[in-house]
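J.: Take a look at target_22.txt, compact mmCIF, C-alpha atoms:
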```txt
# COMPACT_ATOMS: atom_id res chain seq x y z
CA MET A 1 -25.13 8.33 7.49
CA THR A 2 -25.95 6.53 4.25
CA ASP A 3 -27.07 2.91 4.09
CA SER A 4 -23.80 2.04 2.40
CA ALA A 5 -21.84 3.65 5.19
CA LYS A 6 -23.81 1.65 7.75
CA ASN A 7 -23.11 -1.48 5.74
CA ALA A 8 -19.43 -0.56 5.61
CA ASN A 9 -19.41 -0.22 9.40
CA LYS A 10 -20.98 -3.65 9.76
CA VAL A 11 -18.38 -4.96 7.37
CA ASP A 12 -15.56 -3.48 9.49
CA GLU A 13 -16.84 -5.29 12.55
CA ASN A 14 -16.32 -8.52 10.65
CA ALA A 15 -12.83 -7.61 9.47
CA GLU A 16 -11.32 -10.58 11.28
CA ASP A 17 -13.76 -12.94 9.56
CA ASP A 18 -12.84 -11.32 6.26
CA SER A 19 -9.15 -12.03 6.68
CA VAL A 20 -9.97 -15.67 7.44
CA LEU A 21 -12.23 -15.85 4.40
CA ILE A 22 -9.71 -14.22 2.08
CA ALA A 23 -6.98 -16.58 3.30
CA LYS A 24 -9.24 -19.49 2.41
CA VAL A 25 -10.02 -17.97 -0.99
CA ALA A 26 -6.27 -17.67 -1.63
CA LYS A 27 -6.06 -21.43 -1.11
CA GLY A 28 -8.81 -22.01 -3.66
CA ASP A 29 -11.78 -22.45 -1.29
CA SER A 30 -14.81 -21.70 -3.47
CA VAL A 31 -17.23 -21.84 -0.51
CA ALA A 32 -15.26 -19.06 1.24
CA PHE A 33 -15.25 -17.12 -2.05
CA GLU A 34 -19.01 -17.32 -2.33
CA ALA A 35 -19.41 -16.22 1.31
CA LEU A 36 -17.15 -13.23 0.71
CA ALA A 37 -18.90 -12.38 -2.55
CA ALA A 38 -22.34 -12.61 -0.89
CA LYS A 39 -21.16 -10.17 1.78
CA TYR A 40 -19.77 -7.53 -0.58
CA THR A 41 -21.62 -7.84 -3.90
CA ASN A 42 -24.21 -5.16 -3.05
CA MET A 43 -21.47 -2.79 -1.90
CA LEU A 44 -19.42 -3.32 -5.07
CA PHE A 45 -22.53 -3.00 -7.25
CA SER A 46 -23.36 0.30 -5.60
CA VAL A 47 -19.94 1.69 -6.60
CA ALA A 48 -20.03 0.19 -10.09
CA TYR A 49 -23.56 1.41 -10.79
CA ARG A 50 -22.76 4.96 -9.76
CA MET A 51 -19.66 4.89 -11.95
CA PHE A 52 -21.55 3.23 -14.86
CA PRO A 53 -25.27 3.83 -14.54
CA GLN A 54 -26.34 0.92 -16.72
CA GLN A 55 -27.28 -2.11 -14.68
CA SER A 56 -25.76 -4.60 -17.12
CA ASP A 57 -22.44 -2.69 -17.22
CA ALA A 58 -22.38 -2.46 -13.44
CA GLU A 59 -23.06 -6.20 -13.11
CA ASP A 60 -20.25 -6.96 -15.57
CA ILE A 61 -17.88 -4.80 -13.55
CA VAL A 62 -18.85 -6.51 -10.29
CA GLN A 63 -18.34 -9.90 -11.92
CA GLU A 64 -14.92 -8.89 -13.23
CA ALA A 65 -13.95 -7.46 -9.85
CA LEU A 66 -15.01 -10.67 -8.07
CA ILE A 67 -12.97 -12.73 -10.51
CA LYS A 68 -10.00 -10.50 -9.64
CA VAL A 69 -10.67 -11.17 -5.96
CA TRP A 70 -10.48 -14.91 -6.68
CA ASN A 71 -7.34 -14.61 -8.83
CA LYS A 72 -5.50 -12.15 -6.59
CA ALA A 73 -6.63 -13.23 -3.12
CA ASP A 74 -3.09 -14.23 -2.23
CA LEU A 75 -1.92 -10.65 -2.95
CA TRP A 76 -4.02 -9.20 -0.13
CA ASP A 77 -1.70 -8.42 2.73
CA GLU A 78 -3.14 -7.53 6.14
CA THR A 79 0.16 -5.95 7.19
CA LYS A 80 -0.16 -3.29 4.46
CA GLY A 81 -2.99 -1.75 6.47
CA ALA A 82 -5.89 -2.03 4.00
CA SER A 83 -8.97 -3.91 5.13
CA VAL A 84 -10.44 -6.56 2.84
CA SER A 85 -13.35 -4.21 2.07
CA THR A 86 -10.98 -1.36 1.08
CA TRP A 87 -9.00 -3.77 -1.07
CA MET A 88 -12.19 -4.95 -2.78
CA TYR A 89 -13.28 -1.34 -3.35
CA ARG A 90 -9.88 -0.76 -4.93
CA LEU A 91 -10.23 -3.74 -7.27
CA THR A 92 -13.69 -2.51 -8.26
CA TYR A 93 -12.44 1.04 -8.78
CA ASN A 94 -9.57 -0.24 -10.96
CA THR A 95 -12.01 -2.38 -12.93
CA CYS A 96 -14.20 0.69 -13.49
CA ILE A 97 -11.20 2.65 -14.79
CA ASP A 98 -10.22 -0.25 -17.10
CA HIS A 99 -13.81 -0.47 -18.31
CA LYS A 100 -13.87 3.26 -18.98
CA ARG A 101 -10.66 3.03 -21.02
CA ARG A 102 -12.02 0.13 -23.05
CA GLU A 103 -15.24 2.09 -23.56
CA LYS A 104 -13.24 5.11 -24.81
CA LYS A 105 -11.27 2.92 -27.24
CA GLY A 106 -14.49 1.30 -28.44
CA HIS A 107 -16.15 4.69 -28.89
CA VAL A 108 -13.86 5.57 -31.82
CA GLU A 109 -14.92 2.45 -33.69
CA LEU A 110 -18.61 3.03 -33.03
CA ILE A 111 -18.61 6.69 -34.02
CA ASP A 112 -20.74 6.02 -37.14
CA ASN A 113 -23.47 4.56 -34.95
CA ILE A 114 -23.82 7.61 -32.76
CA THR A 115 -27.24 8.53 -34.12
CA ALA A 116 -28.65 5.08 -33.49
CA ASP A 117 -27.12 5.03 -30.00
CA ASP A 118 -28.54 8.47 -29.24
CA GLU A 119 -32.00 7.36 -30.30
CA GLN A 120 -31.70 4.27 -28.18
CA SER A 121 -30.47 6.22 -25.16
CA ALA A 122 -33.20 8.82 -25.68
CA ARG A 123 -35.81 6.06 -25.64
CA ALA A 124 -34.19 4.59 -22.54
CA LYS A 125 -34.23 7.99 -20.87
CA MET A 126 -37.92 8.39 -21.57
CA GLU A 127 -38.52 5.12 -19.83
CA GLN A 128 -36.46 6.17 -16.81
CA ASP A 129 -37.57 8.35 -14.02
CA GLU A 130 -36.89 11.95 -15.07
CA THR A 131 -35.10 12.95 -11.89
CA GLN A 132 -32.87 9.91 -11.99
CA ALA A 133 -32.07 10.61 -15.63
CA MET A 134 -31.02 14.18 -14.87
CA LEU A 135 -28.85 13.01 -12.01
CA HIS A 136 -27.42 10.21 -14.14
CA ASP A 137 -26.42 12.72 -16.78
CA ALA A 138 -24.97 15.23 -14.34
CA ILE A 139 -22.92 12.63 -12.48
CA ASN A 140 -21.96 10.85 -15.68
CA ASP A 141 -20.57 14.10 -17.10
CA LEU A 142 -18.11 14.44 -14.23
CA PRO A 143 -14.51 13.47 -14.98
CA GLU A 144 -14.04 9.88 -13.82
CA ARG A 145 -11.81 10.67 -10.83
CA GLN A 146 -14.15 13.37 -9.54
CA ARG A 147 -17.01 10.93 -9.91
CA ALA A 148 -15.06 8.19 -8.11
CA ALA A 149 -14.24 10.52 -5.20
CA LEU A 150 -17.90 11.52 -4.93
CA VAL A 151 -19.11 7.93 -5.12
CA LEU A 152 -16.67 6.65 -2.51
CA CYS A 153 -16.93 9.54 -0.04
CA HIS A 154 -20.46 10.84 -0.49
CA PHE A 155 -22.45 7.77 -1.52
CA GLU A 156 -20.41 5.00 0.10
CA GLY A 157 -19.65 7.06 3.20
CA LEU A 158 -15.93 6.25 3.22
CA SER A 159 -13.49 8.65 4.87
CA ASN A 160 -11.24 10.73 2.63
CA ALA A 161 -8.26 8.70 3.82
CA GLU A 162 -9.91 5.43 2.75
CA ALA A 163 -10.89 6.91 -0.61
CA ALA A 164 -7.31 8.15 -1.06
CA LYS A 165 -6.02 4.63 -0.43
CA ILE A 166 -8.46 3.16 -2.94
CA MET A 167 -7.74 5.80 -5.59
CA ASP A 168 -4.01 5.72 -4.99
CA THR A 169 -3.78 9.41 -4.18
CA THR A 170 -3.49 11.66 -1.13
CA VAL A 171 -6.22 12.91 1.21
CA LYS A 172 -5.66 16.44 -0.17
CA GLY A 173 -6.03 15.05 -3.67
CA VAL A 174 -9.40 13.51 -2.77
CA GLU A 175 -10.51 16.77 -1.16
CA GLY A 176 -9.63 18.69 -4.35
CA LEU A 177 -11.62 16.21 -6.44
CA LEU A 178 -14.63 16.45 -4.10
CA VAL A 179 -14.64 20.25 -4.18
CA ARG A 180 -14.63 20.29 -7.99
CA ALA A 181 -17.21 17.50 -8.25
CA ARG A 182 -19.66 19.28 -5.93
CA LYS A 183 -19.11 22.59 -7.68
CA ALA A 184 -19.68 21.05 -11.12
CA LEU A 185 -22.86 19.32 -9.97
CA GLN A 186 -24.15 22.47 -8.31
CA ASP A 187 -23.66 24.40 -11.58
CA LYS A 188 -25.10 21.64 -13.75
CA LEU A 189 -28.17 21.00 -11.61
CA GLN A 190 -28.89 24.65 -10.83
CA PRO A 191 -31.52 24.99 -13.62
CA TYR A 192 -33.36 21.88 -12.42
CA LYS A 193 -32.97 22.44 -8.70
CA GLU A 194 -36.61 23.34 -8.09
CA VAL A 195 -37.81 20.30 -10.01
CA LEU A 196 -35.30 18.01 -8.36
CA VAL A 197 -35.78 19.17 -4.79
CA SER A 198 -39.56 19.19 -5.02
CA MET B 1 -14.34 5.29 9.32
CA SER B 2 -13.91 7.57 12.32
CA ARG B 3 -14.93 11.15 11.77
CA THR B 4 -12.94 12.61 14.65
CA ASN B 5 -9.29 13.44 15.12
CA ASP B 6 -7.13 15.05 17.77
CA ASN B 7 -5.55 17.69 15.51
CA LYS B 8 -8.62 19.77 14.68
CA GLN B 9 -8.23 23.49 14.15
CA PRO B 10 -10.57 26.06 15.73
CA MET B 11 -13.56 26.67 13.45
CA THR B 12 -13.36 29.82 11.32
CA LYS B 13 -15.48 31.04 8.43
CA ALA B 14 -12.83 29.96 5.88
CA LEU B 15 -12.55 26.52 7.45
CA PHE B 16 -16.34 26.15 7.63
CA LEU B 17 -16.68 26.98 3.93
CA GLU B 18 -13.81 24.66 3.04
CA LYS B 19 -15.39 21.73 4.91
CA LEU B 20 -18.75 22.59 3.38
CA SER B 21 -17.31 22.51 -0.14
CA ILE B 22 -15.61 19.17 0.51
CA HIS B 23 -18.14 17.21 2.56
CA GLY B 24 -21.44 18.99 2.01
CA ALA B 25 -24.02 20.05 4.58
CA ASP B 26 -24.14 16.84 6.62
CA PHE B 27 -21.89 17.69 9.58
CA ALA B 28 -21.59 14.01 10.45
CA ARG B 29 -19.36 13.68 7.38
CA TRP B 30 -16.94 16.41 8.48
CA ASP B 31 -13.62 14.83 9.41
CA GLY B 32 -12.53 15.95 12.85
CA TYR B 33 -15.54 18.07 13.80
CA ASP B 34 -18.55 17.02 15.77
CA VAL B 35 -22.06 17.91 14.72
CA ALA B 36 -22.78 20.16 17.72
CA GLU B 37 -19.69 22.29 17.17
CA ALA B 38 -20.42 22.83 13.47
CA GLN B 39 -24.11 23.48 14.17
CA GLU B 40 -23.20 26.07 16.80
CA PHE B 41 -20.89 27.87 14.35
CA LEU B 42 -23.62 27.91 11.70
CA GLU B 43 -26.16 29.37 14.08
CA LYS B 44 -23.81 32.15 15.19
CA ASN B 45 -22.60 33.15 11.67
CA ASP B 46 -25.19 34.41 9.22
CA SER B 47 -22.52 34.96 6.55
CA VAL B 48 -22.19 31.21 5.96
CA LYS B 49 -25.91 30.43 5.84
CA ASP B 50 -26.38 30.95 2.08
CA ALA B 51 -23.53 28.66 1.22
CA TYR B 52 -24.84 26.11 3.73
CA GLU B 53 -28.32 26.13 2.19
CA GLN B 54 -26.88 25.64 -1.31
CA ALA B 55 -24.83 22.68 -0.11
CA GLN B 56 -27.86 21.30 1.69
CA SER B 57 -30.01 21.46 -1.43
CA LEU B 58 -27.31 19.65 -3.47
CA ASP B 59 -27.17 16.95 -0.78
CA THR B 60 -30.95 16.56 -1.00
CA VAL B 61 -30.71 16.11 -4.76
CA LEU B 62 -27.87 13.60 -4.44
CA ALA B 63 -29.79 11.66 -1.79
CA SER B 64 -32.47 10.93 -4.36
CA TYR B 65 -29.93 9.16 -6.60
CA LYS B 66 -30.63 5.53 -5.83
CA VAL B 67 -29.04 2.29 -6.88
CA PRO B 68 -31.52 -0.30 -8.24
CA GLU B 69 -32.58 -2.70 -5.52
CA ASP B 70 -33.48 -5.56 -7.82
CA LEU B 71 -29.95 -6.93 -8.17
CA ASP B 72 -30.05 -10.74 -8.03
CA VAL B 73 -26.94 -11.27 -5.90
CA ASP B 74 -27.20 -15.08 -5.86
CA ALA B 75 -27.48 -15.29 -9.63
CA LEU B 76 -24.52 -12.93 -10.07
CA ILE B 77 -22.37 -14.97 -7.69
CA LYS B 78 -23.35 -18.23 -9.41
CA LYS B 79 -22.52 -16.71 -12.79
CA THR B 80 -19.15 -15.50 -11.45
CA SER B 81 -18.33 -18.88 -9.89
CA ALA B 82 -19.18 -20.60 -13.17
CA GLN B 83 -16.92 -18.17 -15.02
CA ILE B 84 -14.09 -18.84 -12.57
CA GLU B 85 -14.56 -22.58 -12.92
CA LYS B 86 -14.50 -22.26 -16.71
CA ASN B 87 -11.32 -20.17 -16.76
CA LYS B 88 -9.51 -21.84 -13.92
CA VAL B 89 -6.42 -22.56 -15.99
CA VAL B 90 -6.05 -18.94 -17.10
CA GLY B 91 -4.89 -15.99 -15.00
CA PHE B 92 -2.12 -14.82 -12.82
CA ALA B 93 -3.09 -16.91 -9.82
CA ASP B 94 -2.38 -19.98 -11.90
CA ALA B 95 0.85 -18.49 -13.17
CA LYS B 96 1.91 -17.85 -9.60
CA ASP B 97 0.83 -21.35 -8.71
CA LYS B 98 3.06 -22.58 -11.50
CA ALA B 99 5.90 -20.51 -10.05
CA ALA B 100 5.37 -22.15 -6.68
CA LYS B 101 5.29 -25.56 -8.30
CA ARG B 102 8.42 -24.63 -10.22
CA LYS B 103 10.13 -23.86 -6.93
CA MET B 104 8.99 -27.24 -5.63
CA GLY B 105 10.18 -28.76 -8.88
CA MET B 106 13.72 -27.59 -8.15
CA ALA B 107 13.86 -30.02 -5.26
CA TYR B 108 13.04 -32.76 -7.75
CA TYR B 109 15.80 -31.55 -10.10
CA TRP B 110 18.36 -31.76 -7.32
CA GLY B 111 16.88 -35.04 -6.06
CA GLY B 112 17.01 -36.43 -9.60
CA GLY B 113 20.62 -35.29 -9.97
CA ALA B 114 21.57 -36.99 -6.72
CA ALA B 115 19.85 -40.23 -7.85
CA ILE B 116 21.77 -40.18 -11.15
CA ALA B 117 25.05 -39.64 -9.32
CA ALA B 118 24.28 -42.52 -6.96
CA SER B 119 23.47 -44.89 -9.85
CA LEU B 120 26.70 -43.93 -11.63
CA MET B 121 28.71 -44.68 -8.50
CA LEU B 122 26.92 -48.03 -8.19
CA MET B 123 27.79 -48.91 -11.79
CA MET B 124 31.45 -48.05 -11.21
CA LEU B 125 31.54 -50.31 -8.16
CA MET B 126 29.98 -53.20 -10.08
CA GLN B 127 32.34 -53.03 -13.09
CA PRO B 128 35.41 -54.89 -11.51
CA GLN B 129 33.28 -58.05 -11.06
CA THR B 130 32.95 -58.36 -14.87
CA GLN B 131 36.75 -58.74 -15.42
CA THR B 132 37.95 -61.66 -17.66
CA PRO B 133 39.41 -64.67 -15.67
CA VAL B 134 43.19 -65.37 -15.97
CA ALA B 135 43.99 -67.96 -18.76
CA GLU B 136 46.29 -70.31 -16.74
CA ASP B 137 43.60 -71.12 -14.14
CA VAL B 138 40.96 -72.41 -16.58
CA GLN B 139 40.32 -75.26 -19.07
CA PRO B 140 40.01 -74.69 -22.95
CA VAL B 141 36.21 -74.85 -22.87
CA GLU B 142 36.16 -72.39 -20.06
CA LEU B 143 38.59 -70.18 -22.06
CA ALA B 144 36.23 -70.23 -25.02
CA MET B 145 33.32 -69.33 -22.74
CA ALA B 146 35.43 -66.62 -21.15
CA ALA B 147 36.26 -65.16 -24.58
CA GLU B 148 32.57 -65.05 -25.38
CA ASP B 149 31.85 -63.48 -21.97
CA SER B 150 34.58 -60.95 -22.66
CA ALA B 151 32.84 -59.86 -25.88
CA VAL B 152 29.53 -59.58 -23.98
CA THR B 153 31.22 -57.60 -21.22
CA GLU B 154 32.68 -55.18 -23.78
CA ASP B 155 29.21 -54.67 -25.28
CA VAL B 156 27.75 -54.12 -21.81
CA SER B 157 30.55 -51.68 -20.96
CA ALA B 158 29.95 -49.72 -24.16
CA THR B 159 26.21 -49.59 -23.40
CA LEU B 160 26.94 -48.46 -19.85
CA VAL B 161 29.26 -45.70 -21.10
CA GLN B 162 26.57 -44.53 -23.52
CA GLU B 163 23.95 -44.62 -20.76
CA GLU B 164 26.36 -42.81 -18.46
CA GLN B 165 26.85 -40.08 -21.09
CA ARG B 166 23.11 -39.82 -21.66
CA LEU B 167 22.46 -39.52 -17.93
CA PHE B 168 25.19 -36.91 -17.56
CA SER B 169 23.73 -34.95 -20.44
CA THR B 170 20.21 -35.10 -18.92
CA TRP B 171 21.60 -34.08 -15.55
CA GLU B 172 23.48 -31.14 -17.06
CA GLN B 173 20.33 -30.03 -18.89
CA ALA B 174 18.34 -30.27 -15.65
CA LEU B 175 20.95 -28.22 -13.79
CA ALA B 176 21.05 -25.57 -16.53
CA GLU B 177 17.22 -25.38 -16.49
CA ASP B 178 17.30 -25.16 -12.70
CA LEU B 179 19.79 -22.27 -12.77
CA LYS B 180 17.72 -20.48 -15.40
CA GLN B 181 14.56 -20.82 -13.34
CA ARG B 182 16.32 -19.66 -10.18
CA GLU B 183 17.65 -16.60 -11.98
CA ILE B 184 14.19 -15.69 -13.32
CA ILE B 185 12.48 -16.22 -9.98
CA SER B 186 15.18 -14.20 -8.26
CA LEU B 187 14.63 -11.35 -10.77
CA TRP B 188 10.88 -11.60 -10.20
CA GLU B 189 11.33 -11.44 -6.43
CA THR B 190 13.65 -8.45 -6.75
CA ALA B 191 11.14 -6.65 -8.98
CA ASP B 192 8.34 -7.55 -6.57
CA ALA B 193 10.32 -6.20 -3.59
CA ARG B 194 11.09 -3.00 -5.49
CA SER B 195 7.48 -2.42 -6.48
CA THR B 196 6.36 -3.01 -2.87
CA ALA B 197 8.95 -0.56 -1.60
CA MET B 198 8.08 2.03 -4.27
CA PRO B 199 6.76 5.24 -2.59
CA GLU B 200 3.23 6.42 -3.31
CA PRO B 201 3.12 8.98 -6.11
CA GLU B 202 3.69 12.36 -4.58
CA VAL B 203 1.02 14.96 -4.99
CA ASN B 204 1.96 18.49 -4.19
CA SER B 205 -1.03 19.28 -2.02
CA ARG B 206 -0.05 22.93 -1.64
CA SER B 207 0.08 23.51 -5.37
CA VAL B 208 -3.18 21.60 -5.79
CA THR B 209 -4.88 23.70 -3.12
CA ASN B 210 -3.46 26.94 -4.54
CA ALA B 211 -4.53 25.98 -8.02
CA VAL B 212 -8.04 25.26 -6.77
CA VAL B 213 -8.16 28.63 -5.08
CA ASP B 214 -6.68 30.85 -7.79
CA GLY B 215 -7.58 28.74 -10.82
CA SER B 216 -4.08 29.25 -12.28
CA ALA B 217 -3.70 25.62 -13.30
CA ASP B 218 -5.73 22.49 -13.63
CA PRO B 219 -4.41 20.44 -10.74
CA GLU B 220 -6.62 17.56 -11.66
CA ALA B 221 -5.04 17.30 -15.09
CA VAL B 222 -1.61 17.35 -13.42
CA GLN B 223 -2.76 14.70 -10.97
CA ILE B 224 -4.26 12.53 -13.67
CA ASP B 225 -1.12 12.76 -15.81
CA ARG B 226 1.03 11.85 -12.85
CA PHE B 227 -1.35 9.13 -11.85
CA ILE B 228 -1.40 7.58 -15.31
CA GLU B 229 2.37 7.93 -15.66
CA ASN B 230 3.01 6.23 -12.32
CA ASN B 231 0.22 3.73 -12.21
CA TYR B 232 -1.10 2.94 -15.65
CA ASP B 233 0.38 -0.54 -15.73
CA VAL B 234 -0.72 -1.21 -12.18
CA ILE B 235 -4.28 -0.37 -13.11
CA GLU B 236 -4.22 -2.53 -16.20
CA ASP B 237 -3.00 -5.74 -14.67
CA GLU B 238 -1.83 -4.98 -11.16
CA VAL B 239 1.64 -5.78 -12.50
CA LEU B 240 4.31 -3.26 -13.49
CA GLU B 241 5.64 -3.39 -17.02
CA ARG B 242 9.08 -4.66 -16.05
CA GLU B 243 7.46 -7.32 -13.88
CA MET B 244 5.26 -8.30 -16.79
CA ASP B 245 8.40 -8.73 -18.94
CA LEU B 246 9.82 -11.04 -16.33
CA TRP B 247 6.59 -12.99 -16.17
CA GLU B 248 6.58 -13.37 -19.95
CA LEU B 249 10.20 -14.53 -19.87
CA TYR B 250 9.30 -16.93 -17.13
CA LEU B 251 6.18 -18.26 -18.82
CA ASN B 252 7.94 -18.61 -22.19
CA SER B 253 10.74 -20.56 -20.56
CA GLU B 254 8.18 -23.21 -19.67
CA GLY B 255 7.84 -24.43 -23.25
```
I'd like the structure from this file rewritten - as structure tokens, please.
T.:
Amino acid sequence: MTDSAKNANKVDENAEDDSVLIAKVAKGDSVAFEALAAKYTNMLFSVAYRMFPQQSDAEDIVQEALIKVWNKADLWDETKGASVSTWMYRLTYNTCIDHKRREKKGHVELIDNITADDEQSARAKMEQDETQAMLHDAINDLPERQRAALVLCHFEGLSNAEAAKIMDTTVKGVEGLLVRARKALQDKLQPYKEVLVS
Amino acid sequence: MSRTNDNKQPMTKALFLEKLSIHGADFARWDGYDVAEAQEFLEKNDSVKDAYEQAQSLDTVLASYKVPEDLDVDALIKKTSAQIEKNKVVGFADAKDKAAKRKMGMAYYWGGGAAIAASLMLMMLMQPQTQTPVAEDVQPVELAMAAEDSAVTEDVSATLVQEEQRLFSTWEQALAEDLKQREIISLWETADARSTAMPEPEVNSRSVTNAVVDGSADPEAVQIDRFIENNYDVIEDEVLEREMDLWELYLNSEG
């Protein structure tokens, strides 16, 4: 089991504490907010970073997601069956999707700067670890929902049912996304497999 | 987070390959199947070994994809808290807070209306005491004073009537505003109840599975279209479009 999954298990054990904390946050308790944020920031960052592998982007997404937690704390409803951690994953996932849409809109305006951006990203890639760069590229090329399913189920260790709840789809839908994501990665990484595995 | 269930099917080659393609080579991830059972099937079936090794090597590659460990959590939380503090007036939570206050405010509208009504009744009770005395019972000087008093009383009465009209007008405005707010909040609550009761978007799992198998369609594209169609507004602001209209109506009515 991944570290994230172990963390998620620890988080579940404290589900009762979470509902107390979130109730306090809904009443505007900033101390409770900071406690909740301290507990989940690493988990949210892990999702955001794997969706947007630039640390600054991922940090922005986490910040935006935490602000949503503060603003929408009173919308969390224990009776709807989602744990606080699932709800926070969902807010982060939605923020990632919003970010992606904004990025796509922005891309049209920045199209003239593609060469400069490419040079910059090429330089950045040279500075990065080669294996990580290849993986970044392969995962980054996945359609966003395939990537989200892979991040939530494979890297975060969530069950398909939890991922379905977060992504607002069915368990079968998540399974379909996972099959295609793994297949695409297998094809994409095939030429580098020896380098990567060694 | 449980990886076991009571409805598991007996392991077959097709099922093994399906689970492998979904969850990868780590049997601990396989929903509903324990590690020993899957391991036993693998050992007894050479025909699945190639596929298993491929999945295993992909898992090894993915395991090397790490998240940076140098995230300064405290600094990020402080930055977020500062941002929240800075923007405290903005956002839906505040809008909802305003709605709650508005609901509380209705009590003041009704309370204010009751106070106005009470003061009007008090004024009507006091008016007979300002009547002019009868002429036969008083001396000439007193008559002159009474005439002067009468003029003052008429002025006071006119002022009271004006004040009464002003208060009635204010009260009517308050009641109209109150009704308007109640109507908007009622619409909001209805929309909220509807959105809560709205079923999850249906995904035809059979067609998705078939499409994956025979490649006749792109089920993901279908899913994404349906997802965007059903949920785009939810993703944007966590508020449906019609609810947003109501919120705008509500917020504009504040001014």
J.: Could you tell me how far CA of Met121 in chain B lies from CA of Glu177 in chain B, in Å and to one decimal?
T.: 23.8 Å
J.: Fewer than 6 positions away in the same chain doesn't count, so skip those; otherwise give me all residues within 9 Å of Glu64 in chain A, counting only C-alpha atoms, as a PyMOL selection string.
T.: (chain A and resi 92+95) or (chain B and resi 80)
J.: What is the distance between CA of Lys27 in chain A and CA of Leu75 in chain A, in Å to one decimal?
T.: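 Taking CA of Lys27 in chain A and CA of Leu75 in chain A, their separation equals 11.7 Å.
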J.: Compile a residue-level contact table for chain A against chain B at a cut-off of 6 Å, reporting for every qualifying residue the shortest atom pair and its distance in Å to one decimal, with only C-alpha atoms counted, rows ordered by chain and ascending number, as JSON lines.
T.:
```
{"residue": "A:Gln63", "atom": "CA", "partner": "B:Thr80", "partner_atom": "CA", "distance": 5.7}
{"residue": "A:Asn71", "atom": "CA", "partner": "B:Ala93", "partner_atom": "CA", "distance": 4.9}
{"residue": "A:Asn94", "atom": "CA", "partner": "B:Ile235", "partner_atom": "CA", "distance": 5.7}
{"residue": "A:Ser159", "atom": "CA", "partner": "B:Met1", "partner_atom": "CA", "distance": 5.6}
{"residue": "A:Lys172", "atom": "CA", "partner": "B:Ser205", "partner_atom": "CA", "distance": 5.7}
{"residue": "A:Glu175", "atom": "CA", "partner": "B:Ile22", "partner_atom": "CA", "distance": 5.9}
{"residue": "A:Leu178", "atom": "CA", "partner": "B:Ile22", "partner_atom": "CA", "distance": 5.4}
{"residue": "A:Val179", "atom": "CA", "partner": "B:Ile22", "partner_atom": "CA", "distance": 4.9}
{"residue": "A:Val197", "atom": "CA", "partner": "B:Val61", "partner_atom": "CA", "distance": 5.9}
```
J.: Have a look at CA of Arg90 in chain A and CA of Ala163 in chain A and let me know their distance in Å, one decimal.
T.: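 We find that CA of Arg90 in chain A and CA of Ala163 in chain A lie 8.9 Å from each other.
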J.: Name the residues in contact with Leu152 in chain A at a cut-off of 12 Å, using all atoms listed in the file, excluding same-chain residues fewer than 2 positions from it; report them as a ChimeraX atom specification.
T.: /A:2,4-5,8,43-44,46-51,86,89-90,92-93,145-150,154-167,174-175,177-178 /B:23
J.: Let me make sure I understand: among A:Val171, A:Cys153, A:Cys96, A:Leu21, which one has the smallest atom-to-atom distance to Asp74 in chain A if we use only C-alpha atoms?
T.: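 The shortest atom-to-atom distance to Asp74 in chain A comes from A:Leu21.
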